[in-house]
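What follows is the content of query_21.txt, which has compact mmCIF, N, CA and C atoms:
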```txt
# COMPACT_ATOMS: atom_id res chain seq x y z
N MET A 23 75.83 95.80 101.55
CA MET A 23 76.81 95.57 102.55
C MET A 23 76.21 95.85 103.93
N LYS A 24 75.45 96.91 104.02
CA LYS A 24 74.84 97.25 105.31
C LYS A 24 73.90 96.15 105.76
N LYS A 25 73.16 95.59 104.82
CA LYS A 25 72.20 94.51 105.13
C LYS A 25 72.90 93.32 105.78
N HIS A 26 74.14 93.03 105.35
CA HIS A 26 74.90 91.89 105.86
C HIS A 26 75.94 92.29 106.91
N SER A 27 75.83 93.52 107.42
CA SER A 27 76.76 94.05 108.44
C SER A 27 78.22 93.97 108.01
N LEU A 28 78.47 94.24 106.73
CA LEU A 28 79.84 94.26 106.21
C LEU A 28 80.34 95.70 106.19
N ILE A 29 81.40 95.97 106.91
CA ILE A 29 81.97 97.31 106.97
C ILE A 29 83.42 97.22 106.49
N PRO A 30 83.73 97.77 105.33
CA PRO A 30 85.09 97.67 104.79
C PRO A 30 86.08 98.56 105.55
N ASP A 31 87.33 98.13 105.60
CA ASP A 31 88.39 98.95 106.17
C ASP A 31 88.88 99.99 105.17
N HIS A 32 88.79 99.65 103.89
CA HIS A 32 89.27 100.54 102.84
C HIS A 32 88.32 100.46 101.65
N CYS A 33 88.41 101.43 100.77
CA CYS A 33 87.60 101.45 99.55
C CYS A 33 88.49 101.90 98.39
N LEU A 34 88.42 101.20 97.30
CA LEU A 34 89.19 101.53 96.11
C LEU A 34 88.21 101.95 95.02
N VAL A 35 88.35 103.18 94.53
CA VAL A 35 87.48 103.69 93.48
C VAL A 35 88.35 103.95 92.26
N GLY A 36 88.11 103.20 91.20
CA GLY A 36 88.88 103.38 89.98
C GLY A 36 88.32 104.52 89.15
N GLU A 37 89.17 105.15 88.38
CA GLU A 37 88.74 106.21 87.48
C GLU A 37 89.58 106.13 86.21
N PRO A 38 89.07 106.67 85.12
CA PRO A 38 89.79 106.58 83.85
C PRO A 38 90.92 107.60 83.74
N SER A 39 92.01 107.36 84.44
CA SER A 39 93.18 108.23 84.32
C SER A 39 94.37 107.39 83.88
N ALA A 40 95.29 107.99 83.17
CA ALA A 40 96.41 107.21 82.65
C ALA A 40 97.61 108.10 82.37
N LEU A 41 98.80 107.52 82.52
CA LEU A 41 100.03 108.19 82.10
C LEU A 41 100.47 107.68 80.73
N LYS A 42 100.49 106.35 80.56
CA LYS A 42 100.93 105.75 79.30
C LYS A 42 99.84 104.94 78.62
N LYS A 43 99.06 104.18 79.41
CA LYS A 43 97.97 103.40 78.83
C LYS A 43 96.77 103.45 79.77
N PHE A 44 95.59 103.26 79.25
CA PHE A 44 94.36 103.35 80.02
C PHE A 44 94.40 102.42 81.23
N GLY A 45 94.14 102.98 82.40
CA GLY A 45 94.08 102.17 83.61
C GLY A 45 95.41 101.92 84.29
N ASP A 46 96.48 102.60 83.88
CA ASP A 46 97.78 102.34 84.49
C ASP A 46 98.02 103.15 85.77
N GLN A 47 97.03 103.91 86.19
CA GLN A 47 97.21 104.79 87.34
C GLN A 47 95.92 104.88 88.15
N ILE A 48 96.06 104.95 89.47
CA ILE A 48 94.92 105.18 90.37
C ILE A 48 95.20 106.46 91.13
N LYS A 49 94.27 107.40 91.11
CA LYS A 49 94.46 108.65 91.83
C LYS A 49 93.77 108.57 93.18
N ILE A 50 94.40 109.13 94.19
CA ILE A 50 93.85 109.15 95.54
C ILE A 50 93.31 110.55 95.81
N GLY A 51 92.01 110.66 95.95
CA GLY A 51 91.41 111.97 96.19
C GLY A 51 91.74 112.95 95.09
N ARG A 52 92.13 114.14 95.46
CA ARG A 52 92.46 115.17 94.49
C ARG A 52 93.95 115.24 94.21
N ARG A 53 94.76 114.69 95.11
CA ARG A 53 96.21 114.83 94.96
C ARG A 53 96.89 113.49 95.13
N GLY A 54 98.04 113.39 94.55
CA GLY A 54 98.85 112.19 94.73
C GLY A 54 98.43 111.05 93.83
N SER A 55 99.23 110.01 93.86
CA SER A 55 98.92 108.82 93.08
C SER A 55 99.55 107.61 93.73
N LEU A 56 99.09 106.45 93.33
CA LEU A 56 99.60 105.19 93.85
C LEU A 56 99.76 104.24 92.69
N SER A 57 100.92 103.65 92.57
CA SER A 57 101.14 102.63 91.55
C SER A 57 101.32 101.31 92.27
N CYS A 58 100.50 100.32 91.92
CA CYS A 58 100.60 99.02 92.57
C CYS A 58 99.90 97.96 91.71
N ASP A 59 100.08 96.73 92.10
CA ASP A 59 99.37 95.61 91.47
C ASP A 59 98.31 95.14 92.45
N ILE A 60 97.13 94.86 91.95
CA ILE A 60 96.02 94.38 92.79
C ILE A 60 95.54 93.06 92.22
N THR A 61 95.39 92.06 93.05
CA THR A 61 94.87 90.76 92.64
C THR A 61 93.50 90.57 93.27
N VAL A 62 92.50 90.32 92.44
CA VAL A 62 91.13 90.09 92.91
C VAL A 62 90.77 88.66 92.57
N LEU A 63 90.39 87.89 93.56
CA LEU A 63 90.04 86.49 93.35
C LEU A 63 88.58 86.36 92.95
N GLY A 64 88.28 85.34 92.18
CA GLY A 64 86.90 85.10 91.76
C GLY A 64 86.79 85.07 90.25
N THR A 65 85.58 85.07 89.77
CA THR A 65 85.29 85.07 88.34
C THR A 65 84.76 86.43 87.95
N GLN A 66 85.39 87.07 86.97
CA GLN A 66 84.93 88.40 86.58
C GLN A 66 83.59 88.30 85.87
N GLY A 67 82.84 89.39 85.90
CA GLY A 67 81.55 89.42 85.25
C GLY A 67 81.01 90.83 85.18
N HIS A 68 79.71 90.94 84.99
CA HIS A 68 79.05 92.23 84.87
C HIS A 68 77.91 92.30 85.87
N VAL A 69 77.71 93.48 86.43
CA VAL A 69 76.68 93.65 87.46
C VAL A 69 75.27 93.34 86.92
N ALA A 70 75.08 93.40 85.61
CA ALA A 70 73.77 93.07 85.02
C ALA A 70 73.48 91.58 85.10
N TYR A 71 74.53 90.75 85.27
CA TYR A 71 74.37 89.30 85.35
C TYR A 71 75.12 88.75 86.56
N PRO A 72 74.77 89.15 87.78
CA PRO A 72 75.53 88.74 88.97
C PRO A 72 75.51 87.24 89.24
N GLU A 73 74.51 86.56 88.75
CA GLU A 73 74.42 85.11 88.99
C GLU A 73 75.47 84.33 88.20
N LYS A 74 76.12 84.96 87.22
CA LYS A 74 77.10 84.28 86.39
C LYS A 74 78.54 84.47 86.87
N CYS A 75 78.74 85.17 87.97
CA CYS A 75 80.11 85.44 88.42
C CYS A 75 80.16 85.65 89.93
N ASP A 76 81.38 85.84 90.45
CA ASP A 76 81.57 86.00 91.88
C ASP A 76 81.61 87.45 92.33
N ASN A 77 82.14 88.34 91.51
CA ASN A 77 82.47 89.68 91.98
C ASN A 77 81.57 90.81 91.50
N ALA A 78 80.54 90.54 90.75
CA ALA A 78 79.75 91.63 90.16
C ALA A 78 78.61 92.12 91.05
N ALA A 79 78.22 91.35 92.03
CA ALA A 79 77.07 91.75 92.85
C ALA A 79 77.48 92.68 93.97
```
Step by step, read the file and then write its structure as C-alpha cells.
Amino acid sequence: MKKHSLIPDHCLVGEPSALKKFGDQIKIGRRGSLSCDITVLGTQGHVAYPEKCDNAA
C-alpha cells in the first residue's frame, strides 16, 4: 500500500470470536463489539495465488 501511496481511512481486522456461530462477531480493540453486514466486491481467493483473484494480494 505504501508503494502505491494508498492510505486507508479505516482498517478491519477479523478474529475468531463468536456468540452463536464462528465469525458472527467482530470485536473492536479490547472492549465493545459491532454487529453488521459487510459486502466485499471482487473474486475471493487465497494470498498464495493472488493472480487467480481480485482481493488476495
For atom CA of Gln47 of chain A and atom CA of Asp31 of chain A, determine how far apart the two atoms are, in Å to one decimal place. 21.6 Å
Do you have the atom N of Ala70 of chain A-atom CA of Pro30 of chain A distance handy?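 According to the coordinates, atom N of Ala70 of chain A and atom CA of Pro30 of chain A are separated by 22.1 Å.
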Just how far from atom CA of Ile60 of chain A is atom CA of Leu41 of chain A, in Å to one decimal?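 It comes out at 17.9 Å.
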Under the rule that all atoms listed in the file are counted, which of A:Asp46, A:Asp76, A:Lys25, A:Ala40 is the nearest residue to Gly64 of chain A?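 The answer is A:Asp76, which sits nearest to Gly64 of chain A.
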Shortest interatomic distance to Leu56 of chain A - which of A:His68, A:Lys43, A:Cys75, A:Leu34, counting only C-alpha atoms: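 Ranked by minimum distance to Leu56 of chain A, first place goes to A:Leu34.
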Segment 57-70 of chain A: axis-aligned bounding box, 5 Å on each side, centre and edge lengths in Å, one decimal, as AutoDock Vina command-line options:
```
--center_x 87.4 --center_y 94.4 --center_z 89.2 --size_x 37.8 --size_y 28.6 --size_z 18.7
```
